[in-house]
$ cat data_21.txt   # compact mmCIF, C-alpha atoms
# COMPACT_ATOMS: atom_id res chain seq x y z
CA MET A 363 10.31 -6.33 4.21
CA PRO A 364 12.18 -3.21 3.08
CA ASP A 365 14.42 -3.34 0.03
CA LEU A 366 18.12 -2.79 0.26
CA THR A 367 19.39 0.22 -1.62
CA LEU A 368 22.37 0.15 -3.94
CA ALA A 369 24.28 2.06 -1.26
CA ASP A 370 23.43 -0.72 1.25
CA VAL A 371 24.75 -3.44 -1.05
CA VAL A 372 27.89 -1.46 -1.82
CA ASP A 373 28.44 -1.15 1.93
CA LEU A 374 28.14 -4.94 2.33
CA LEU A 375 30.73 -5.47 -0.39
CA GLU A 376 33.14 -2.87 0.89
CA ARG A 377 33.12 -4.25 4.43
CA HIS A 378 34.59 -7.47 3.01
CA TYR A 379 36.60 -5.99 0.16
CA PRO A 380 37.76 -2.54 1.37
CA PRO A 381 38.52 -0.24 -1.60
CA GLY A 382 41.51 1.14 0.30
CA THR A 383 43.33 -2.18 -0.20
CA ALA A 384 43.15 -1.91 -4.00
CA GLU A 385 46.35 -1.20 -5.91
CA ASP A 386 47.01 2.44 -6.77
CA TRP A 387 46.56 1.76 -10.50
CA ASP A 388 43.25 -0.01 -10.05
CA ALA A 389 39.70 1.28 -10.67
CA VAL A 390 37.24 -0.19 -8.17
CA GLY A 391 33.84 0.84 -6.87
CA LEU A 392 30.53 1.95 -8.34
CA VAL A 393 30.65 2.52 -12.10
CA VAL A 394 26.97 2.86 -13.04
CA GLY A 395 23.93 3.38 -10.82
CA ASP A 396 22.04 5.56 -8.36
CA PRO A 397 23.02 4.76 -4.75
CA ALA A 398 19.42 5.40 -3.64
CA ALA A 399 17.93 2.87 -6.08
CA PRO A 400 16.46 -0.36 -4.64
CA VAL A 401 18.31 -3.63 -5.24
CA ARG A 402 16.52 -6.98 -5.19
CA THR A 403 18.55 -9.04 -7.67
CA VAL A 404 22.32 -9.19 -8.11
CA VAL A 405 24.42 -11.01 -10.72
CA LEU A 406 28.14 -11.68 -10.22
CA ALA A 407 30.62 -12.26 -13.05
CA VAL A 408 34.33 -11.99 -13.77
CA ASP A 409 34.14 -9.68 -16.81
CA PRO A 410 31.74 -6.83 -17.68
CA THR A 411 31.28 -7.91 -21.31
CA GLU A 412 28.24 -7.23 -23.48
CA GLU A 413 27.19 -10.87 -23.13
CA VAL A 414 27.38 -10.70 -19.34
CA ALA A 415 25.41 -7.43 -19.28
CA ALA A 416 22.74 -9.03 -21.45
CA GLU A 417 22.57 -12.03 -19.09
CA ALA A 418 22.20 -9.75 -16.06
CA LEU A 419 19.37 -7.83 -17.71
CA ALA A 420 17.63 -11.06 -18.75
CA LEU A 421 17.69 -12.13 -15.08
CA GLY A 422 16.12 -8.82 -14.04
CA ALA A 423 19.23 -7.74 -12.12
CA ASP A 424 19.35 -4.39 -10.38
CA LEU A 425 23.11 -4.75 -9.89
CA LEU A 426 25.93 -6.46 -11.78
CA VAL A 427 29.06 -7.04 -9.70
CA THR A 428 32.19 -7.87 -11.70
CA HIS A 429 35.75 -8.62 -10.72
CA HIS A 430 37.38 -6.85 -13.64
CA PRO A 431 36.87 -3.10 -14.15
CA LEU A 432 35.05 -1.85 -17.20
CA TYR A 433 37.32 1.18 -17.62
CA LEU A 434 40.62 0.30 -15.95
CA ARG A 435 42.47 3.25 -17.45
CA GLY A 436 39.64 5.77 -17.60
CA THR A 437 37.82 7.20 -20.58
CA SER A 438 36.57 10.49 -21.94
CA SER A 439 33.47 8.95 -23.51
CA VAL A 440 30.84 6.31 -22.76
CA ALA A 441 29.23 6.57 -26.20
CA ALA A 442 27.56 3.39 -27.43
CA THR A 443 29.98 3.29 -30.37
CA THR A 444 32.34 0.92 -28.51
CA PRO A 445 31.74 -2.38 -26.71
CA LYS A 446 32.40 -0.75 -23.32
CA GLY A 447 30.10 2.15 -24.11
CA ARG A 448 27.37 -0.28 -25.16
CA VAL A 449 27.71 -2.04 -21.79
CA VAL A 450 27.17 1.28 -19.99
CA HIS A 451 24.13 2.16 -22.12
CA ALA A 452 22.56 -1.29 -21.86
CA LEU A 453 22.89 -1.39 -18.07
CA ALA A 454 21.73 2.21 -17.53
CA THR A 455 18.76 1.77 -19.89
CA GLY A 456 17.83 -1.51 -18.20
CA GLY A 457 18.06 -0.06 -14.68
CA CYS A 458 21.03 -2.21 -13.68
CA ALA A 459 23.98 -0.78 -11.74
CA LEU A 460 27.59 -1.91 -12.18
CA TYR A 461 30.09 -2.32 -9.34
CA THR A 462 33.69 -3.57 -9.53
CA ALA A 463 35.81 -5.28 -6.84
CA HIS A 464 39.20 -6.05 -8.35
CA THR A 465 42.57 -6.06 -6.55
CA ASN A 466 40.78 -5.34 -3.27
CA ALA A 467 38.91 -8.63 -3.78
CA ASP A 468 42.15 -10.35 -4.80
CA ALA A 469 43.80 -9.44 -1.50
CA ALA A 470 40.87 -9.86 0.91
CA ALA A 471 40.93 -12.48 3.65
CA ASP A 472 38.06 -14.32 1.96
CA GLY A 473 38.75 -13.06 -1.55
CA VAL A 474 39.98 -14.39 -4.89
CA ALA A 475 43.30 -15.82 -3.69
CA GLN A 476 41.79 -17.56 -0.66
CA ALA A 477 38.94 -19.02 -2.72
CA LEU A 478 41.49 -20.60 -5.07
CA ALA A 479 43.55 -21.93 -2.16
CA ASP A 480 40.48 -23.39 -0.47
CA LEU A 481 39.37 -25.05 -3.70
CA LEU A 482 42.62 -27.03 -3.66
CA GLY A 483 42.40 -27.81 0.06
CA LEU A 484 45.52 -25.88 1.03
CA GLN A 485 46.22 -25.73 4.77
CA GLY A 486 47.90 -23.03 6.85
CA THR A 487 47.67 -20.44 4.09
CA THR A 488 49.35 -17.04 4.28
CA PRO A 489 49.64 -14.27 1.66
CA ILE A 490 52.49 -14.50 -0.82
CA ASP A 491 52.86 -10.72 -0.69
CA PRO A 492 51.14 -9.44 2.48
CA LEU A 493 49.65 -5.97 2.69
CA PRO A 494 51.02 -3.74 5.45
CA GLY A 495 49.08 -4.17 8.69
CA ASP A 496 46.80 -1.43 9.93
CA ARG A 497 48.63 1.36 11.71
CA LEU A 498 47.01 1.45 15.13
CA ASP A 499 47.19 3.56 18.28
CA THR A 500 46.13 2.67 21.82
CA LEU A 501 44.30 5.36 23.76
CA VAL A 502 44.29 5.23 27.56
CA THR A 503 42.14 7.67 29.49
CA PHE A 504 40.52 7.97 32.94
CA VAL A 505 36.80 8.64 33.25
CA PRO A 506 34.44 9.18 36.23
CA ARG A 507 32.63 5.87 36.53
CA GLN A 508 29.18 7.29 35.80
CA ALA A 509 30.44 8.71 32.48
CA THR A 510 32.37 5.66 31.20
CA THR A 511 29.59 4.32 28.96
CA ALA A 512 28.94 7.69 27.31
CA VAL A 513 32.64 8.32 26.64
CA LEU A 514 33.14 4.80 25.27
CA ASP A 515 30.15 5.20 22.93
CA ALA A 516 31.52 8.54 21.67
CA LEU A 517 34.96 7.04 21.00
CA ALA A 518 33.40 4.09 19.15
CA ASP A 519 31.28 6.42 17.01
CA ALA A 520 34.49 8.28 16.06
CA GLY A 521 36.12 5.05 14.80
CA ALA A 522 37.87 3.58 17.84
CA GLY A 523 37.43 0.03 19.14
CA ARG A 524 37.06 -1.75 15.79
CA LEU A 525 38.79 -5.17 15.72
CA GLY A 526 37.98 -7.40 12.77
CA ASP A 527 34.25 -8.11 12.87
CA TYR A 528 33.86 -6.50 16.30
CA GLU A 529 33.25 -2.91 17.28
CA ARG A 530 33.31 -0.96 20.58
CA ALA A 531 36.09 -3.29 21.80
CA ALA A 532 37.72 -1.79 24.91
CA PHE A 533 39.07 -2.62 28.38
CA THR A 534 38.08 -0.90 31.63
CA SER A 535 39.43 -1.29 35.14
CA PRO A 536 38.28 0.54 38.29
CA GLY A 537 40.47 2.83 40.38
CA THR A 538 40.65 6.16 42.16
CA GLY A 539 41.62 9.42 40.49
CA THR A 540 42.98 12.35 42.52
CA PHE A 541 43.71 15.99 41.69
CA ARG A 542 43.71 19.54 43.12
CA PRO A 543 42.14 22.29 40.93
CA LEU A 544 44.33 25.42 40.72
CA PRO A 545 43.14 29.04 40.52
CA GLY A 546 41.57 29.68 37.12
CA ALA A 547 40.16 26.15 36.81
CA THR A 548 36.43 25.47 36.59
CA PRO A 549 36.33 21.85 37.83
CA THR A 550 33.39 19.57 37.10
CA VAL A 551 34.07 17.82 40.41
CA GLY A 552 35.50 19.44 43.55
CA ALA A 553 36.61 22.98 44.34
CA VAL A 554 39.66 25.15 43.59
CA GLY A 555 42.43 24.45 46.11
CA ASP A 556 40.92 21.23 47.49
CA VAL A 557 42.34 17.76 46.92
CA GLU A 558 39.65 15.62 45.34
CA GLU A 559 39.34 11.83 45.00
CA VAL A 560 36.98 10.36 42.40
CA ALA A 561 35.95 6.80 41.57
CA GLU A 562 37.18 6.42 37.99
CA ASP A 563 37.59 3.80 35.28
CA ARG A 564 40.79 3.36 33.31
CA LEU A 565 39.56 3.01 29.71
CA GLU A 566 41.82 1.50 27.01
CA ILE A 567 40.81 1.32 23.35
CA VAL A 568 42.58 0.86 20.00
CA LEU A 569 42.00 3.09 16.99
CA PRO A 570 43.25 3.38 13.40
CA ARG A 571 45.95 6.03 13.27
CA HIS A 572 44.15 7.93 10.53
CA ARG A 573 41.21 8.40 12.98
CA ARG A 574 43.44 9.82 15.73
CA GLU A 575 42.26 13.45 15.51
CA ALA A 576 38.59 12.48 15.23
CA VAL A 577 38.84 10.19 18.28
CA LEU A 578 40.65 12.78 20.41
CA THR A 579 38.04 15.38 19.44
CA ALA A 580 35.29 12.97 20.50
CA LEU A 581 37.10 12.31 23.79
CA ARG A 582 37.31 15.99 24.67
CA ARG A 583 33.66 16.58 23.78
CA ALA A 584 32.27 13.58 25.66
CA HIS A 585 34.53 13.62 28.73
CA PRO A 586 33.00 15.52 31.66
CA TYR A 587 36.36 16.88 32.90
CA GLU A 588 37.67 20.26 31.81
CA GLU A 589 41.09 18.69 31.11
CA PRO A 590 40.76 14.93 30.50
CA ALA A 591 44.00 13.03 31.07
CA PHE A 592 44.98 10.56 28.34
CA THR A 593 47.93 8.71 26.84
CA LEU A 594 48.24 7.80 23.16
CA VAL A 595 50.66 5.00 22.24
CA ALA A 596 51.59 4.14 18.64
CA GLN A 597 51.59 0.37 18.10
CA ALA A 598 54.15 -1.45 15.99
CA THR A 599 52.87 -2.34 12.52
CA ALA A 600 52.70 -6.06 11.73
CA GLY A 601 52.01 -7.81 8.44
CA ALA A 602 48.36 -8.30 7.64
CA SER A 603 46.54 -11.56 6.94
CA THR A 604 45.52 -10.06 3.60
CA GLY A 605 47.55 -9.58 0.46
CA THR A 606 48.34 -10.94 -2.99
CA GLY A 607 48.18 -14.69 -3.54
CA ARG A 608 48.34 -17.49 -0.98
CA ILE A 609 50.85 -20.18 -0.07
CA GLY A 610 50.05 -23.29 1.95
CA ARG A 611 50.46 -27.04 2.13
CA LEU A 612 48.53 -29.96 0.72
CA ALA A 613 47.11 -32.35 3.29
CA THR A 614 49.00 -35.16 1.53
CA PRO A 615 51.96 -34.75 -0.85
CA THR A 616 51.29 -35.77 -4.42
CA THR A 617 52.97 -35.72 -7.81
CA LEU A 618 53.02 -32.66 -10.03
CA ARG A 619 50.96 -34.58 -12.59
CA ALA A 620 48.29 -35.54 -10.03
CA PHE A 621 48.18 -31.99 -8.69
CA ALA A 622 47.68 -30.57 -12.18
CA GLU A 623 44.93 -33.10 -12.83
CA ARG A 624 43.26 -31.95 -9.62
CA VAL A 625 43.46 -28.33 -10.80
CA ALA A 626 41.89 -29.32 -14.11
CA GLN A 627 39.10 -31.10 -12.25
CA VAL A 628 38.11 -28.30 -9.86
CA LEU A 629 38.48 -25.22 -12.06
CA PRO A 630 35.76 -24.39 -14.61
CA PRO A 631 36.77 -25.72 -18.05
CA THR A 632 38.09 -23.49 -20.81
CA ALA A 633 39.40 -24.09 -24.33
CA GLN A 634 43.01 -23.66 -23.20
CA GLY A 635 42.74 -26.09 -20.32
CA ILE A 636 45.69 -26.40 -17.95
CA ARG A 637 49.38 -26.09 -18.92
CA VAL A 638 52.09 -27.67 -16.78
CA GLY A 639 55.85 -27.13 -16.62
CA GLY A 640 58.22 -29.27 -14.56
CA ASP A 641 58.98 -32.86 -13.55
CA LEU A 642 55.56 -34.51 -13.74
CA ASP A 643 56.60 -37.34 -11.39
CA ALA A 644 58.13 -35.08 -8.73
CA GLN A 645 56.51 -34.88 -5.28
CA VAL A 646 54.92 -31.56 -4.37
CA SER A 647 53.42 -30.43 -1.07
CA THR A 648 53.91 -26.66 -0.67
CA VAL A 649 51.67 -24.84 -3.13
CA ALA A 650 51.46 -21.16 -4.07
CA VAL A 651 48.43 -19.77 -5.91
CA CYS A 652 47.54 -16.44 -7.45
CA GLY A 653 44.35 -15.89 -9.42
CA GLY A 654 44.88 -13.90 -12.60
CA ALA A 655 48.21 -12.84 -14.08
CA GLY A 656 50.86 -13.88 -11.56
CA ASP A 657 54.26 -14.03 -13.22
CA SER A 658 55.39 -10.96 -11.28
CA LEU A 659 55.48 -13.20 -8.18
CA LEU A 660 57.76 -15.91 -9.60
CA GLY A 661 60.76 -14.79 -7.59
CA ARG A 662 58.72 -14.39 -4.43
CA VAL A 663 57.17 -17.89 -4.51
CA ARG A 664 60.62 -19.41 -5.09
CA ALA A 665 61.99 -17.53 -2.09
CA LEU A 666 59.08 -18.84 0.02
CA GLY A 667 59.96 -22.45 -0.85
CA ALA A 668 56.93 -23.40 -2.94
CA ASP A 669 57.07 -26.71 -4.81
CA VAL A 670 54.49 -25.66 -7.39
CA TYR A 671 52.87 -22.38 -8.37
CA LEU A 672 49.37 -22.16 -9.84
CA THR A 673 48.52 -18.92 -11.63
CA ALA A 674 47.45 -17.65 -15.06
CA ASP A 675 48.73 -15.76 -18.11
CA LEU A 676 52.29 -17.05 -17.79
CA ARG A 677 54.44 -15.66 -20.60
CA HIS A 678 57.02 -17.62 -22.54
CA HIS A 679 60.26 -15.95 -21.42
CA PRO A 680 59.50 -15.51 -17.69
CA ALA A 681 58.21 -19.09 -17.47
CA SER A 682 61.13 -20.56 -19.41
CA GLU A 683 63.75 -18.68 -17.42
CA HIS A 684 62.06 -19.56 -14.15
CA LEU A 685 61.83 -23.30 -14.88
CA ALA A 686 65.52 -23.35 -15.81
CA GLY A 687 66.16 -22.63 -12.12
CA GLY A 688 64.06 -25.56 -10.87
CA ARG A 689 61.20 -25.36 -8.39
CA PRO A 690 58.54 -24.24 -8.01
CA TYR A 691 57.06 -26.01 -10.98
CA LEU A 692 54.38 -24.13 -12.89
CA VAL A 693 50.71 -24.81 -13.49
CA ASP A 694 49.07 -22.26 -15.78
CA ALA A 695 45.28 -21.87 -15.93
CA THR A 696 43.30 -19.20 -17.76
CA HIS A 697 42.79 -15.82 -16.16
CA TRP A 698 39.00 -16.22 -16.10
CA ALA A 699 39.01 -19.77 -14.66
CA SER A 700 41.48 -18.93 -11.88
CA GLU A 701 39.32 -16.05 -10.61
CA TRP A 702 35.82 -17.50 -11.12
CA PRO A 703 35.84 -19.53 -7.82
CA TRP A 704 35.58 -16.26 -5.90
CA LEU A 705 32.14 -15.49 -7.32
CA PRO A 706 30.12 -18.06 -5.27
CA ARG A 707 31.93 -16.85 -2.15
CA ALA A 708 31.06 -13.21 -2.86
CA ALA A 709 27.47 -14.24 -3.57
CA GLU A 710 27.25 -15.83 -0.14
CA VAL A 711 28.65 -12.66 1.45
CA LEU A 712 25.74 -10.72 -0.07
CA ARG A 713 23.11 -13.31 0.89
CA ARG A 714 24.29 -13.47 4.50
CA GLY A 715 24.58 -9.71 4.78
CA ALA A 716 21.07 -9.18 3.48
CA ALA A 717 19.64 -11.91 5.74
CA ALA A 718 21.34 -10.39 8.80
CA GLY A 719 19.43 -7.18 8.12
CA GLY A 720 16.13 -8.98 7.68
CA THR A 721 16.17 -8.55 3.89
CA ARG A 722 16.43 -10.96 1.01
CA LEU A 723 18.61 -10.66 -2.07
CA ASP A 724 18.33 -12.92 -5.10
CA VAL A 725 21.95 -13.51 -6.10
CA TYR A 726 23.08 -15.31 -9.26
CA VAL A 727 26.58 -16.32 -10.33
CA SER A 728 27.23 -16.12 -14.07
CA THR A 729 28.73 -19.22 -15.65
CA LEU A 730 29.31 -17.57 -19.02
CA VAL A 731 32.89 -18.34 -20.06
CA THR A 732 34.43 -14.96 -20.87
CA ASP A 733 37.91 -16.33 -21.53
CA PRO A 734 38.78 -14.92 -24.98
CA TRP A 735 39.79 -18.23 -26.57
CA ASP A 736 37.17 -20.55 -28.08
CA LEU A 737 39.19 -23.50 -29.41
CA HIS A 738 42.38 -25.34 -28.56
CA LEU A 739 43.91 -27.65 -31.16
CA ALA A 740 46.44 -30.21 -29.96
CA GLN A 741 49.09 -30.46 -32.67
CA GLN A 742 50.58 -33.79 -33.73
CA HIS A 743 53.42 -33.89 -36.24
CA SER A 744 55.11 -36.80 -37.93
CA SER A 745 58.51 -35.20 -37.38
CA GLU A 746 60.29 -33.01 -34.88
CA PRO A 747 60.11 -29.21 -35.30
CA GLY A 748 62.87 -28.00 -37.58
CA SER A 749 63.51 -31.35 -39.22
CA SER A 750 63.01 -31.93 -42.94
CA THR A 751 60.04 -33.95 -44.18
CA GLU A 752 61.29 -34.04 -47.77
CA GLY A 753 60.99 -37.51 -49.20
CA ALA A 754 59.00 -38.79 -46.23
CA ARG A 755 56.60 -41.66 -46.79
CA PRO A 756 53.14 -41.90 -45.15
$ encode --input "data_21.txt" --output "structure tokens"
Amino acid sequence: MPDLTLADVVDLLERHYPPGTAEDWDAVGLVVGDPAAPVRTVVLAVDPTEEVAAEALALGADLLVTHHPLYLRGTSSVAATTPKGRVVHALATGGCALYTAHTNADAAADGVAQALADLLGLQGTTPIDPLPGDRLDTLVTFVPRQATTAVLDALADAGAGRLGDYERAAFTSPGTGTFRPLPGATPTVGAVGDVEEVAEDRLEIVLPRHRREAVLTALRRAHPYEEPAFTLVAQATAGASTGTGRIGRLATPTTLRAFAERVAQVLPPTAQGIRVGGDLDAQVSTVAVCGGAGDSLLGRVRALGADVYLTADLRHHPASEHLAGGRPYLVDATHWASEWPWLPRAAEVLRRGAAAGGTRLDVYVSTLVTDPWDLHLAQQHSSEPGSSTEGARP
């Protein structure tokens, strides 16, 4: 059974988490590693810390896949004099590559946001902030029937006919083409001056607009006619099913308190735990979620009519000002815990992809808690903040 190469595994990841959907400021893709190197064992984690790198090497990993980038803002040095540099040196010395899928994994149809929504059983989910839909064209051309398969294959090879998990998707219908070659023409069929009728197929196929020139070049090369007739129609752009966050509905309405308790139950535990803001006895049914720091979406989830918003890293002022306006109530988890549920899903993507190609990958999901906080102390005072305790008796 042949081994997958690092390039093969990267291809599996990027089919599900296309780098082109990452934010402009993001740094995703291969960080360390030789694309030609074999990969038999993969470890997935949220953060590329020294502890996670050590765990990956102890498991004999050939590849560490993390959600967060190692160098988000670039660097001029990877010297082992810093924690990040030591990660690079440890992985390179141990023969382990590093790959990052960040905001492209956040937005993906089966990515970080959807994993969090599914964990809570949300139904009818849609993105909070959808990505723009693919800009598509429809190509219509007419091909002599005996050449239809060859032309369709050439168009597909150039990038046309891809719809979701399907390729070479097209429509053909039979008909009769007619033309008269004029002086100067060198017709494939018929003679100059004679009216010709040919059994043809009408071939329709969609293509990404950025592949337009490549597809038209392939059409002209593969089509047997000297001057192939075609029509290219630009489709209207619709919102995509991918994007930041998700909003959906609970199967059964519940109280804010019970919902928060459910969140605490299903997310991996951290020292911070779960923070809740709002009327604990209020009924909630429409839920918005965003793994990682999500306070930039507070206005958006309110406009969408959410009853409660689960995210992480909520800051004092944005949260306080938001709650003063009422719903959605807020449930704040840690950054690490809110994004960890994606890891088992990504692991299954790799296992299935390898199995489909007749290859096996050993895939492990790290459970190391890389949230930066180690202890949470619940404070209990004998008096209210700001009040005097002078003269108080035990």
$ closest_residue --input "data_21.txt" --among "A:Asp491, A:Asp480, A:Glu417, A:Asp468" --to "His378 in chain A" --atoms "only C-alpha atoms"
A:Asp468
$ atom_distance --input "data_21.txt" --atom1 "CA of Gly605 in chain A" --atom2 "CA of Pro489 in chain A"
5.3 Å
$ residues_around --input "data_21.txt" --residues "range 533-538 of chain A" --least-positions-apart "5" --cutoff "9 Å" --atoms "only C-alpha atoms" --output "ChimeraX atom specification"
/A:507,510,559-567
$ closest_residue --input "data_21.txt" --among "A:Asp641, A:Val440, A:Pro543, A:Ala681" --to "Ala620 in chain A" --atoms "all atoms listed in the file"
A:Asp641
$ closest_residue --input "data_21.txt" --among "A:His585, A:Leu659, A:Gly639, A:Val371" --to "Ala509 in chain A" --atoms "all atoms listed in the file"
A:His585
$ decode --input "data_21.txt" --residues "range 549-561 of chain A" --atoms "N, CA and C atoms" --output "CSV table (one decimal), in the first residue's frame"
chain,number,residue,atom,x,y,z
A,549,PRO,N,-13.2,24.1,-44.0
A,549,PRO,CA,-14.1,23.4,-43.1
A,549,PRO,C,-13.7,22.0,-42.8
A,550,THR,N,-13.9,21.6,-41.5
A,550,THR,CA,-13.7,20.2,-41.1
A,550,THR,C,-14.7,19.3,-41.8
A,551,VAL,N,-15.9,19.8,-41.9
A,551,VAL,CA,-17.0,19.0,-42.5
A,551,VAL,C,-17.6,19.9,-43.6
A,552,GLY,N,-17.9,19.2,-44.8
A,552,GLY,CA,-18.5,19.9,-45.9
A,552,GLY,C,-17.5,20.6,-46.8
A,553,ALA,N,-18.0,21.4,-47.8
A,553,ALA,CA,-17.2,22.1,-48.8
A,553,ALA,C,-17.6,23.5,-48.9
A,554,VAL,N,-16.7,24.4,-49.3
A,554,VAL,CA,-16.9,25.8,-49.5
A,554,VAL,C,-18.1,26.0,-50.5
A,555,GLY,N,-19.1,26.8,-50.1
A,555,GLY,CA,-20.2,27.1,-50.9
A,555,GLY,C,-21.4,26.2,-50.7
A,556,ASP,N,-21.2,25.1,-50.1
A,556,ASP,CA,-22.3,24.1,-49.9
A,556,ASP,C,-22.9,24.2,-48.5
A,557,VAL,N,-24.3,24.2,-48.5
A,557,VAL,CA,-25.0,24.1,-47.2
A,557,VAL,C,-24.8,22.7,-46.6
A,558,GLU,N,-24.4,22.7,-45.3
A,558,GLU,CA,-24.1,21.4,-44.7
A,558,GLU,C,-25.0,21.3,-43.4
A,559,GLU,N,-25.5,20.1,-43.2
A,559,GLU,CA,-26.2,19.7,-42.0
A,559,GLU,C,-25.5,18.6,-41.2
A,560,VAL,N,-25.3,18.8,-39.9
A,560,VAL,CA,-24.5,17.9,-39.1
A,560,VAL,C,-25.2,17.6,-37.8
A,561,ALA,N,-25.2,16.3,-37.5
A,561,ALA,CA,-25.8,15.8,-36.2
A,561,ALA,C,-24.9,16.4,-35.1
